[in-house]
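Trainee: One file is attached below, structure_38.txt, containing compact mmCIF, C-alpha atoms and all ligand atoms.
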# COMPACT_ATOMS: atom_id res chain seq x y z
CA MET A 759 -27.73 -8.37 0.01
CA ILE A 760 -25.75 -5.70 1.85
CA ARG A 761 -25.80 -2.16 0.42
CA ILE A 762 -23.17 0.35 1.48
CA PRO A 763 -23.60 3.94 0.24
CA VAL A 764 -20.63 6.03 -0.83
CA ALA A 765 -21.83 9.58 -0.12
CA LEU A 766 -20.26 11.97 -2.60
CA GLY A 767 -23.03 14.42 -3.51
CA ASP A 768 -23.95 14.06 -7.18
CA ARG A 769 -21.28 11.36 -7.56
CA SER A 770 -22.81 9.14 -4.82
CA TYR A 771 -23.27 5.44 -5.51
CA ASP A 772 -23.95 2.15 -3.79
CA VAL A 773 -21.70 -0.83 -3.21
CA ALA A 774 -23.82 -4.00 -3.25
CA ILE A 775 -22.44 -7.17 -1.68
CA ALA A 776 -24.42 -10.16 -2.92
CA ALA A 777 -23.36 -13.80 -2.94
CA GLY A 778 -24.36 -15.00 -6.41
CA GLY A 779 -24.45 -11.40 -7.67
CA LEU A 780 -22.79 -12.27 -10.99
CA ALA A 781 -25.76 -14.46 -11.86
CA ARG A 782 -28.09 -11.53 -11.04
CA ALA A 783 -25.99 -8.88 -12.78
CA GLY A 784 -28.50 -8.29 -15.58
CA GLU A 785 -31.12 -7.23 -13.04
CA LEU A 786 -28.76 -5.36 -10.69
CA LEU A 787 -27.00 -3.47 -13.48
CA ALA A 788 -30.14 -2.78 -15.52
CA PRO A 789 -30.12 1.00 -14.79
CA TYR A 790 -26.63 1.25 -16.32
CA LEU A 791 -27.00 -0.94 -19.42
CA ARG A 792 -28.39 0.17 -22.77
CA GLY A 793 -29.09 -2.97 -24.73
CA ARG A 794 -25.49 -4.21 -24.59
CA THR A 795 -22.88 -4.89 -21.90
CA ILE A 796 -19.35 -3.75 -22.73
CA VAL A 797 -17.17 -5.78 -20.36
CA VAL A 798 -13.49 -4.98 -19.87
CA THR A 799 -11.73 -7.94 -18.30
CA ASP A 800 -8.48 -9.91 -18.44
CA SER A 801 -7.58 -13.34 -19.77
CA ASP A 802 -7.69 -15.11 -16.36
CA VAL A 803 -11.05 -13.59 -15.40
CA ALA A 804 -12.44 -14.27 -18.88
CA ALA A 805 -11.69 -17.95 -18.27
CA THR A 806 -13.02 -18.15 -14.71
CA GLN A 807 -15.70 -15.52 -14.01
CA LEU A 808 -16.93 -14.04 -17.30
CA PRO A 809 -18.98 -17.20 -18.03
CA ARG A 810 -20.87 -16.56 -14.74
CA LEU A 811 -21.83 -12.98 -15.67
CA ALA A 812 -25.48 -12.97 -16.64
CA CYS A 813 -25.87 -9.75 -18.64
CA PRO A 814 -27.52 -8.99 -22.00
CA ASN A 815 -25.46 -8.89 -25.22
CA ILE A 816 -21.97 -9.04 -23.72
CA GLU A 817 -19.24 -7.36 -25.82
CA PRO A 818 -16.05 -8.58 -24.09
CA ILE A 819 -12.75 -6.71 -24.32
CA ILE A 820 -10.13 -9.13 -22.99
CA LEU A 821 -6.74 -7.73 -21.95
CA PRO A 822 -3.62 -9.58 -20.77
CA ALA A 823 -3.67 -10.45 -17.05
CA GLY A 824 -1.12 -8.82 -14.75
CA GLU A 825 0.20 -5.49 -13.48
CA ALA A 826 1.99 -4.76 -16.80
CA THR A 827 -1.45 -4.11 -18.30
CA LYS A 828 -1.68 -0.80 -16.38
CA SER A 829 0.37 0.82 -19.18
CA TRP A 830 0.18 3.55 -21.79
CA ALA A 831 0.06 0.88 -24.52
CA GLN A 832 -2.89 -1.01 -23.02
CA LEU A 833 -4.68 2.24 -22.20
CA ALA A 834 -4.38 3.34 -25.83
CA ALA A 835 -5.50 -0.06 -27.10
CA LEU A 836 -8.50 -0.06 -24.75
CA CYS A 837 -9.58 3.47 -25.72
CA ASP A 838 -9.33 2.51 -29.41
CA ARG A 839 -11.46 -0.61 -28.81
CA LEU A 840 -14.10 1.45 -26.99
CA LEU A 841 -14.19 4.02 -29.79
CA ALA A 842 -14.45 1.24 -32.37
CA LEU A 843 -17.55 0.06 -30.50
CA GLU A 844 -18.91 3.60 -30.95
CA VAL A 845 -19.52 4.00 -27.23
CA GLU A 846 -21.68 6.92 -26.22
CA ARG A 847 -20.93 9.15 -23.25
CA GLY A 848 -24.12 8.06 -21.54
CA GLU A 849 -23.14 4.39 -21.66
CA HIS A 850 -21.40 2.53 -18.84
CA ILE A 851 -18.55 0.12 -19.34
CA VAL A 852 -18.26 -2.78 -16.91
CA ALA A 853 -14.87 -3.47 -15.30
CA LEU A 854 -14.87 -7.18 -14.42
CA GLY A 855 -11.67 -8.22 -12.67
CA GLY A 856 -9.08 -7.22 -10.13
CA GLY A 857 -7.55 -3.85 -9.37
CA VAL A 858 -5.59 -3.81 -12.62
CA ILE A 859 -8.74 -3.98 -14.73
CA GLY A 860 -10.64 -1.58 -12.44
CA ASP A 861 -7.85 1.02 -12.48
CA LEU A 862 -7.33 0.79 -16.26
CA ALA A 863 -10.97 0.59 -17.35
CA GLY A 864 -11.88 3.35 -14.89
CA PHE A 865 -9.17 5.59 -16.36
CA ALA A 866 -10.35 4.83 -19.90
CA ALA A 867 -13.90 5.69 -18.81
CA ALA A 868 -12.61 8.98 -17.38
CA ILE A 869 -11.06 10.10 -20.67
CA VAL A 870 -12.99 8.50 -23.55
CA LYS A 871 -15.33 11.13 -24.97
CA ARG A 872 -14.16 13.31 -22.02
CA GLY A 873 -15.75 11.00 -19.51
CA MET A 874 -18.27 8.19 -19.63
CA GLY A 875 -19.78 6.00 -16.93
CA PHE A 876 -18.44 2.75 -15.54
CA VAL A 877 -19.47 0.04 -13.15
CA GLN A 878 -17.08 -2.08 -11.08
CA ILE A 879 -17.54 -5.83 -10.62
CA PRO A 880 -14.42 -6.70 -8.61
CA THR A 881 -13.31 -10.35 -8.64
CA THR A 882 -10.21 -10.31 -6.38
CA LEU A 883 -10.30 -9.84 -2.62
CA LEU A 884 -8.13 -6.76 -3.08
CA ALA A 885 -10.53 -5.21 -5.54
CA GLN A 886 -13.59 -6.14 -3.44
CA VAL A 887 -12.22 -4.51 -0.28
CA ASP A 888 -10.36 -1.58 -1.78
CA SER A 889 -9.74 -0.71 -5.42
CA SER A 890 -13.34 -0.89 -6.71
CA VAL A 891 -14.42 1.84 -4.27
CA GLY A 892 -13.25 5.45 -4.18
CA GLY A 893 -12.61 6.40 -7.79
CA LYS A 894 -8.82 6.34 -7.98
CA THR A 895 -7.93 5.21 -11.51
CA ALA A 896 -4.46 5.10 -13.03
CA ILE A 897 -1.70 3.49 -15.05
CA ASN A 898 1.96 3.03 -14.13
CA THR A 899 4.72 4.81 -16.09
CA GLY A 900 8.49 4.51 -16.27
CA ALA A 901 8.68 7.02 -13.43
CA GLY A 902 6.56 4.97 -11.05
CA LYS A 903 3.29 3.61 -9.75
CA ASN A 904 -0.12 5.13 -10.64
CA LEU A 905 1.53 8.35 -11.80
CA VAL A 906 -0.96 9.11 -14.57
CA GLY A 907 -4.64 8.82 -13.77
CA ALA A 908 -7.82 10.53 -12.70
CA PHE A 909 -10.36 10.58 -9.92
CA HIS A 910 -13.42 9.09 -11.59
CA GLN A 911 -16.10 7.46 -9.46
CA PRO A 912 -17.98 4.36 -10.64
CA ALA A 913 -21.77 4.54 -10.86
CA PHE A 914 -22.23 1.26 -9.00
CA VAL A 915 -20.10 -1.51 -7.49
CA LEU A 916 -21.32 -5.10 -7.46
CA ILE A 917 -19.36 -7.46 -5.21
CA ASP A 918 -19.98 -11.19 -5.49
CA PRO A 919 -17.93 -12.93 -2.76
CA LEU A 920 -18.43 -16.24 -4.59
CA ALA A 921 -16.17 -14.93 -7.36
CA LEU A 922 -13.29 -15.48 -4.93
CA ASP A 923 -13.75 -19.25 -5.23
CA THR A 924 -11.44 -19.40 -8.27
CA LEU A 925 -8.87 -16.88 -6.99
CA PRO A 926 -5.38 -18.37 -6.44
CA ALA A 927 -4.28 -18.50 -2.76
CA ARG A 928 -1.38 -16.11 -3.34
CA GLN A 929 -3.75 -13.47 -4.76
CA LEU A 930 -6.16 -13.99 -1.86
CA ALA A 931 -3.37 -13.39 0.67
CA ALA A 932 -2.21 -10.30 -1.19
CA GLY A 933 -5.74 -8.86 -1.05
CA TYR A 934 -5.95 -9.68 2.63
CA ALA A 935 -3.12 -7.20 3.28
CA GLU A 936 -5.50 -4.37 2.33
CA VAL A 937 -8.13 -5.81 4.72
CA VAL A 938 -5.63 -5.72 7.60
CA LYS A 939 -4.83 -2.12 6.59
CA TYR A 940 -8.25 -0.87 7.75
CA GLY A 941 -7.68 -2.30 11.23
CA LEU A 942 -4.24 -0.75 11.43
CA ILE A 943 -5.46 2.68 10.31
CA ASP A 944 -8.17 3.37 12.90
CA ASP A 945 -9.98 0.20 13.96
CA PRO A 946 -7.96 -1.82 16.50
CA ALA A 947 -10.96 -4.09 17.23
CA PHE A 948 -11.07 -5.04 13.55
CA PHE A 949 -7.33 -5.84 13.62
CA GLY A 950 -8.11 -8.15 16.57
CA TRP A 951 -10.88 -9.74 14.47
CA CYS A 952 -8.33 -10.26 11.67
CA GLU A 953 -5.95 -12.00 14.07
CA ALA A 954 -8.79 -14.29 15.18
CA HIS A 955 -10.50 -14.93 11.82
CA GLY A 956 -7.91 -14.26 9.08
CA ALA A 957 -7.09 -17.97 8.71
CA ALA A 958 -10.79 -18.86 8.34
CA LEU A 959 -11.24 -16.15 5.72
CA MET A 960 -8.27 -17.51 3.79
CA ALA A 961 -9.64 -21.06 4.05
CA GLY A 962 -12.92 -20.01 2.43
CA ASP A 963 -15.26 -19.27 5.37
CA ALA A 964 -18.12 -17.41 3.68
CA ASP A 965 -19.23 -15.43 6.77
CA ALA A 966 -15.67 -14.31 7.50
CA ARG A 967 -15.25 -13.14 3.92
CA ILE A 968 -18.50 -11.16 3.93
CA HIS A 969 -17.66 -9.59 7.31
CA ALA A 970 -14.20 -8.56 6.09
CA ILE A 971 -15.54 -7.18 2.79
CA ALA A 972 -18.39 -5.23 4.43
CA THR A 973 -16.16 -3.80 7.18
CA SER A 974 -13.48 -2.80 4.68
CA VAL A 975 -15.88 -1.21 2.20
CA SER A 976 -17.64 0.71 5.00
CA ALA A 977 -14.31 2.06 6.24
CA LYS A 978 -13.19 3.03 2.76
CA ALA A 979 -16.56 4.63 1.92
CA ARG A 980 -16.40 6.69 5.12
CA ILE A 981 -12.86 7.93 4.51
CA VAL A 982 -13.43 8.67 0.80
CA ALA A 983 -16.62 10.60 1.62
CA GLU A 984 -14.58 12.74 4.03
CA ASP A 985 -11.78 13.50 1.55
CA GLU A 986 -12.56 12.38 -1.98
CA ARG A 987 -9.47 13.87 -3.63
CA GLU A 988 -6.95 13.32 -0.84
CA THR A 989 -6.61 16.99 -0.04
CA SER A 990 -7.24 17.12 3.72
CA GLY A 991 -4.86 14.30 4.69
CA ARG A 992 -7.71 12.01 5.77
CA ARG A 993 -7.70 9.87 2.61
CA ALA A 994 -3.90 9.69 2.72
CA LEU A 995 -4.37 7.28 5.64
CA LEU A 996 -5.50 4.70 3.05
CA ASN A 997 -1.94 4.93 1.77
CA LEU A 998 -0.58 3.20 4.89
CA GLY A 999 2.25 0.95 3.68
CA HIS A 1000 2.05 2.32 0.15
CA THR A 1001 4.93 4.79 0.08
CA PHE A 1002 7.25 1.91 0.98
CA GLY A 1003 5.18 -0.59 -1.03
CA HIS A 1004 5.09 1.35 -4.28
CA ALA A 1005 8.89 1.74 -4.09
CA LEU A 1006 9.23 -2.03 -3.70
CA GLU A 1007 6.91 -2.59 -6.68
CA ALA A 1008 8.92 -0.11 -8.78
CA GLU A 1009 12.12 -1.91 -7.77
CA THR A 1010 10.72 -5.19 -9.14
CA GLY A 1011 9.62 -3.45 -12.35
CA PHE A 1012 5.91 -3.99 -11.53
CA SER A 1013 6.38 -7.70 -12.13
CA ASP A 1014 4.63 -10.69 -10.56
CA ARG A 1015 7.70 -11.13 -8.33
CA LEU A 1016 5.95 -8.92 -5.80
CA LEU A 1017 2.19 -8.35 -6.00
CA HIS A 1018 0.70 -5.01 -4.93
CA GLY A 1019 -0.85 -6.47 -1.78
CA GLU A 1020 2.42 -8.19 -0.89
CA ALA A 1021 4.29 -4.90 -1.29
CA VAL A 1022 1.67 -3.18 0.90
CA ALA A 1023 2.08 -5.88 3.57
CA ALA A 1024 5.84 -5.32 3.68
CA GLY A 1025 5.25 -1.56 3.56
CA MET A 1026 2.88 -1.62 6.53
CA ALA A 1027 5.32 -3.72 8.57
CA LEU A 1028 8.10 -1.27 7.64
CA ALA A 1029 5.94 1.75 8.58
CA PHE A 1030 5.28 0.20 12.00
CA ALA A 1031 8.92 -0.87 12.45
CA PHE A 1032 10.10 2.65 11.57
CA SER A 1033 7.51 4.16 13.93
CA ALA A 1034 8.70 1.86 16.73
CA SER A 1035 12.40 2.44 16.04
CA THR A 1036 11.89 6.20 16.39
CA GLY A 1037 9.77 5.97 19.55
CA ARG A 1038 6.52 6.90 17.86
CA CYS A 1039 4.83 3.54 18.54
CA PRO A 1040 5.27 0.68 21.05
CA GLY A 1041 7.62 -2.03 19.79
CA ALA A 1042 5.05 -4.63 20.83
CA ASP A 1043 2.55 -3.21 18.31
CA ALA A 1044 5.07 -3.36 15.47
CA ALA A 1045 5.89 -6.96 16.45
CA ARG A 1046 2.18 -7.83 16.48
CA VAL A 1047 1.71 -6.46 12.95
CA ALA A 1048 4.73 -8.33 11.59
CA ALA A 1049 3.63 -11.55 13.32
CA HIS A 1050 0.13 -11.44 11.81
CA LEU A 1051 1.44 -10.75 8.30
CA ARG A 1052 3.99 -13.56 8.68
CA ALA A 1053 1.26 -15.94 9.89
CA CYS A 1054 -0.72 -15.17 6.73
CA GLY A 1055 2.26 -15.87 4.49
CA LEU A 1056 2.71 -12.20 3.63
CA PRO A 1057 6.04 -10.33 3.47
CA PHE A 1058 6.83 -8.58 6.75
CA ASP A 1059 10.26 -7.07 6.00
CA LEU A 1060 12.55 -6.35 3.02
CA ALA A 1061 14.13 -9.81 2.98
CA SER A 1062 10.77 -11.58 3.03
CA ALA A 1063 9.70 -9.31 0.16
CA GLY A 1064 12.78 -10.44 -1.77
CA ILE A 1065 14.26 -6.92 -1.96
CA ASP A 1066 17.95 -6.20 -1.43
CA ALA A 1067 18.13 -2.71 -2.94
CA ALA A 1068 19.91 0.01 -0.95
CA GLY A 1069 17.83 2.38 1.14
CA ALA A 1070 18.81 5.28 -1.13
CA THR A 1071 17.58 3.40 -4.20
CA LEU A 1072 14.18 2.80 -2.60
CA ALA A 1073 14.05 6.39 -1.36
CA ALA A 1074 14.66 7.58 -4.94
CA HIS A 1075 11.50 5.72 -6.02
CA MET A 1076 9.62 7.30 -3.10
CA ALA A 1077 10.59 10.78 -4.32
CA HIS A 1078 7.97 10.33 -7.11
CA ASP A 1079 5.15 9.79 -4.59
CA LYS A 1080 2.00 11.77 -5.43
CA LYS A 1081 1.60 12.92 -1.82
CA LYS A 1082 4.79 14.98 -2.14
CA ALA A 1083 4.21 18.62 -1.24
CA GLY A 1084 6.73 21.42 -0.93
CA GLY A 1085 9.48 18.95 -1.82
CA ARG A 1086 8.67 16.61 1.10
CA VAL A 1087 7.10 13.17 0.97
CA PRO A 1088 4.73 12.62 3.91
CA PHE A 1089 4.68 9.13 5.39
CA ILE A 1090 1.77 7.31 6.97
CA LEU A 1091 3.18 6.26 10.33
CA ALA A 1092 1.55 4.86 13.48
CA ARG A 1093 1.28 5.62 17.18
CA GLY A 1094 0.02 2.07 17.63
CA VAL A 1095 -2.32 -0.51 16.12
CA GLY A 1096 -5.38 1.42 14.91
CA ALA A 1097 -3.66 4.79 15.29
CA ALA A 1098 -2.16 5.70 11.92
CA TYR A 1099 -1.38 9.32 11.10
CA VAL A 1100 0.27 11.42 8.40
CA ASP A 1101 3.79 12.50 9.37
CA SER A 1102 5.43 15.26 7.36
CA ASP A 1103 8.54 15.62 9.54
CA VAL A 1104 10.34 12.48 8.49
CA THR A 1105 12.82 12.79 5.59
CA LEU A 1106 13.69 10.40 2.79
CA ALA A 1107 17.22 10.30 4.24
CA ASP A 1108 15.78 9.09 7.58
CA ILE A 1109 13.86 6.37 5.77
CA ALA A 1110 16.86 5.31 3.68
CA ALA A 1111 19.02 5.04 6.81
CA PHE A 1112 16.33 3.00 8.58
CA LEU A 1113 16.04 0.59 5.62
CA ASP A 1114 19.81 0.10 5.48
CA ALA A 1115 20.05 -0.42 9.26
CA GLY A 1116 17.24 -3.02 9.15
CA ARG A 1117 19.25 -5.14 6.77
CA GLY A 1118 21.89 -5.51 9.43
N1 LIG A 1201 -7.78 2.31 -7.21
C1 LIG A 1201 -7.52 1.96 -5.97
O1 LIG A 1201 -8.02 2.54 -5.00
C2 LIG A 1201 -6.62 0.78 -5.72
C3 LIG A 1201 -6.57 0.19 -4.45
C4 LIG A 1201 -5.76 -0.91 -4.25
C5 LIG A 1201 -5.02 -1.43 -5.32
N2 LIG A 1201 -5.11 -0.85 -6.54
C6 LIG A 1201 -4.38 -1.43 -7.68
O2 LIG A 1201 -4.91 -2.73 -7.91
C7 LIG A 1201 -3.92 -3.50 -8.56
C8 LIG A 1201 -3.84 -4.87 -7.92
O3 LIG A 1201 -5.12 -5.48 -8.03
P1 LIG A 1201 -5.30 -7.04 -7.80
O4 LIG A 1201 -4.53 -7.47 -6.62
O5 LIG A 1201 -6.74 -7.28 -7.86
O6 LIG A 1201 -4.52 -7.67 -9.04
P2 LIG A 1201 -4.97 -8.07 -10.51
O7 LIG A 1201 -6.03 -7.21 -11.03
O8 LIG A 1201 -3.72 -8.21 -11.31
O9 LIG A 1201 -5.58 -9.54 -10.30
C9 LIG A 1201 -4.73 -10.55 -9.84
C10 LIG A 1201 -4.77 -11.79 -10.74
O10 LIG A 1201 -5.92 -12.54 -10.39
C11 LIG A 1201 -6.68 -12.84 -11.57
N3 LIG A 1201 -8.06 -12.92 -11.13
C12 LIG A 1201 -8.89 -11.91 -10.79
N4 LIG A 1201 -10.04 -12.37 -10.30
C13 LIG A 1201 -9.95 -13.72 -10.35
C14 LIG A 1201 -10.82 -14.76 -9.97
N5 LIG A 1201 -12.00 -14.51 -9.36
N6 LIG A 1201 -10.44 -16.03 -10.19
C15 LIG A 1201 -9.23 -16.30 -10.74
N7 LIG A 1201 -8.34 -15.35 -11.10
C16 LIG A 1201 -8.71 -14.08 -10.91
C17 LIG A 1201 -6.35 -11.73 -12.51
O11 LIG A 1201 -6.61 -12.12 -13.82
C18 LIG A 1201 -4.87 -11.51 -12.23
O12 LIG A 1201 -4.12 -12.47 -12.92
C19 LIG A 1201 -2.62 -2.74 -8.45
O13 LIG A 1201 -2.31 -2.18 -9.70
C20 LIG A 1201 -2.92 -1.66 -7.45
O14 LIG A 1201 -2.15 -0.51 -7.66
C21 LIG A 1201 -5.88 0.24 -6.75
O1 LIG A 1202 -7.96 4.72 -2.24
C1 LIG A 1202 -6.93 5.20 -1.76
O2 LIG A 1202 -6.84 6.40 -1.49
C2 LIG A 1202 -5.75 4.35 -1.51
O3 LIG A 1202 -4.70 4.84 -1.19
C3 LIG A 1202 -5.94 2.88 -1.68
C4 LIG A 1202 -4.67 2.13 -2.00
O4 LIG A 1202 -4.83 0.80 -1.51
C5 LIG A 1202 -4.41 2.01 -3.51
O5 LIG A 1202 -3.34 1.13 -3.73
C6 LIG A 1202 -4.22 3.30 -4.26
O6 LIG A 1202 -4.22 3.07 -5.65
C7 LIG A 1202 -2.94 3.98 -3.93
O7 LIG A 1202 -3.11 5.31 -4.27
P1 LIG A 1202 -1.94 6.24 -4.81
O8 LIG A 1202 -2.59 7.59 -4.80
O9 LIG A 1202 -0.80 6.12 -3.86
O10 LIG A 1202 -1.60 5.77 -6.17
ZN ZN A 1203 -3.28 -0.50 -2.27
Is it possible to give me this structure as structure tokens?

Mentor:
Amino acid sequence: MIRIPVALGDRSYDVAIAAGGLARAGELLAPYLRGRTIVVTDSDVAATQLPRLACPNIEPIILPAGEATKSWAQLAALCDRLLALEVERGEHIVALGGGVIGDLAGFAAAIVKRGMGFVQIPTTLLAQVDSSVGGKTAINTGAGKNLVGAFHQPAFVLIDPLALDTLPARQLAAGYAEVVKYGLIDDPAFFGWCEAHGAALMAGDADARIHAIATSVSAKARIVAEDERETSGRRALLNLGHTFGHALEAETGFSDRLLHGEAVAAGMALAFAFSASTGRCPGADAARVAAHLRACGLPFDLASAGIDAAGATLAAHMAHDKKKAGGRVPFILARGVGAAYVDSDVTLADIAAFLDAGRG
């Protein structure tokens, strides 16, 4: 078992990576359980992974699968279910599933009885390498992505890489986009590893999966420990590809037409292409990023993401971005592979013009 600490003072916790961890969950989660295990999950995970979870007295709350579940309606329904179970503040709920379940259950945990505990058991690659760590919880609203939420750290994260065995290939690829992100932010050697081993990871190589998960979680834990609430600009680096990506998701109405990881893949390629087109980054680096995403079957430009909206339309979505300060939306741009930075000089008009020009 690999244990990675997330150092956040009195909110510190461990991320445990253990093949077969679901079967050992009763023992590993024992400090957080009080005679029963309240599991929030979705219909797909209930069918595939919930039967593997060995915990005492499971009380399952099964929500519909898909991004649409990160909504006011499902949040209200979940809070009502938790209250009907007479949860106590000192109890922990268990989020078993992908980022949708982790974000929603984590937000419910943040607000029910003014804040109760929760544990993450992520079952998608995306959730194992990213969303289960760091305490960002949220729902989507009509105005955009993750616009209502809270920072609320889990008490423990249990990652079982074997849970990925039932994950559809498209979901695996989408999660892989967030793996690549860590290389692009500040670890060029890891991006090189991705180029060499991404195909093996996708094909089910257990060592490659564990290496990618451990490297990603370590990077995220380090960055979150430096800037838990995204105030210094350090954590904003984890948003590489997201200002573009969230606009693409909003444009598709948060539907399965474009998964979050797919939108992030296109967003990262666009961030690099914009950086190259304005002389910030070598064109060869932007081409390398697009080529790797393409090779993994991920979107690498607007057309491959299935988006034909005008630049101004996408920029209007971006205007809701939570990073906005003093009326300006900062963008995570790059000076090269492994050299991402926060740029507050670029304008939404620049971005809209770039997106329109790219469509030819
Ligand atoms: N909080 C954060 O820091 C953070 C980080 C990244 C992404 N996110 C959020 O995460 C969400 C995306 O998460 P996701 O990609 O995990 O999607 P998801 O939660 O919708 O899961 C994808 C699909 O896979 C199914 N599934 C999950 N595990 C499975 C398994 N082991 N076998 C078979 N099917 C399985 C789910 O039921 C769902 O249908 C987005 O809403 C995004 O905004 C949050
Ligand atoms: O943890 C972070 O910080 C991230 O930015 C991780 C992202 O992958 C994730 O999608 C996050 O939910 C986006 O954050 P948001 O603040 O832009 O909603
Ligand atoms: Zn993301």

Trainee: Could you give me the axis-aligned bounding box of ligand LIG 1202 (chain A), with 8 Å of padding per side, as centre plus edge lengths in Å to one decimal, as JSON?

Mentor:
{"center_x": -4.4, "center_y": 4.2, "center_z": -3.7, "size_x": 23.2, "size_y": 22.8, "size_z": 21.0}

Trainee: Can I get the residues close to ligand LIG 1202 (chain A) as a list in words, where close means within 6 Å and we count all atoms listed in the file?

Mentor: Gly892, Asn904, Arg993, Leu996 and Asn997 of chain A

Trainee: Take the residues from that selection and put them in a file with C-alpha atoms, as a PDB file, in the coordinates of the input.

Mentor:
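Below is the file again_30.pdb, written as the result:
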ATOM      1  CA  GLY A 892     -13.250   5.450  -4.180  1.00  0.00           C
ATOM      2  CA  ASN A 904      -0.120   5.130 -10.640  1.00  0.00           C
ATOM      3  CA  ARG A 993      -7.700   9.870   2.610  1.00  0.00           C
ATOM      4  CA  LEU A 996      -5.500   4.700   3.050  1.00  0.00           C
ATOM      5  CA  ASN A 997      -1.940   4.930   1.770  1.00  0.00           C
TER       6      ASN A 997
END

Trainee: Need to verify the contact set: Gly1037 (chain A), 12 Å, all atoms listed in the file, exclusion of same-chain residues closer than 4 positions in sequence. Can you return it as a compact mmCIF listing (two decimals) with C-alpha atoms, in the coordinates of the input?

Mentor:
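out.txt, written as the output of this step:
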# COMPACT_ATOMS: atom_id res chain seq x y z
CA PHE A 1030 5.28 0.20 12.00
CA ALA A 1031 8.92 -0.87 12.45
CA PHE A 1032 10.10 2.65 11.57
CA SER A 1033 7.51 4.16 13.93
CA GLY A 1041 7.62 -2.03 19.79
CA ALA A 1042 5.05 -4.63 20.83
CA ASP A 1043 2.55 -3.21 18.31
CA ALA A 1044 5.07 -3.36 15.47
CA LEU A 1091 3.18 6.26 10.33
CA ALA A 1092 1.55 4.86 13.48
CA ARG A 1093 1.28 5.62 17.18
CA GLY A 1094 0.02 2.07 17.63

Trainee: In the coordinate frame of the file, compute which residues have an atom within 12 Å of (6.9, -2.4, 12.3) when using only C-alpha atoms, and state them as a VMD selection string.

Mentor: chain A and resid 942 998 to 999 1023 to 1051 1057 to 1060 1091 to 1095 1112 to 1113 1116

Trainee: Residues at most 12 Å from Ser1013 (chain A), counting all atoms listed in the file, excluding those fewer than 6 positions away in the same chain, as a count of residues only?

Mentor: 12

Trainee: Can I get the residues of chain A within 7 Å of ligand ZN 1203 (chain A), each with the closest pair of atoms and their distance in Å to one decimal, using all atoms listed in the file, sorted chain first then ascending number, as a Markdown table?

Mentor:
| residue | atom | partner | partner_atom | distance |
| --- | --- | --- | --- | --- |
| A:Glu936 | CA | A:ZN1203 | ZN | 6.4 |
| A:Asn997 | CA | A:ZN1203 | ZN | 6.9 |
| A:His1000 | CA | A:ZN1203 | ZN | 6.5 |
| A:His1018 | CA | A:ZN1203 | ZN | 6.6 |
| A:Gly1019 | CA | A:ZN1203 | ZN | 6.5 |
| A:Val1022 | CA | A:ZN1203 | ZN | 6.5 |

Trainee: Keeping only C-alpha atoms, write the selected residues as a compact mmCIF listing (two decimals), in the coordinates of the input.

Mentor:
# COMPACT_ATOMS: atom_id res chain seq x y z
CA GLU A 936 -5.50 -4.37 2.33
CA ASN A 997 -1.94 4.93 1.77
CA HIS A 1000 2.05 2.32 0.15
CA HIS A 1018 0.70 -5.01 -4.93
CA GLY A 1019 -0.85 -6.47 -1.78
CA VAL A 1022 1.67 -3.18 0.90
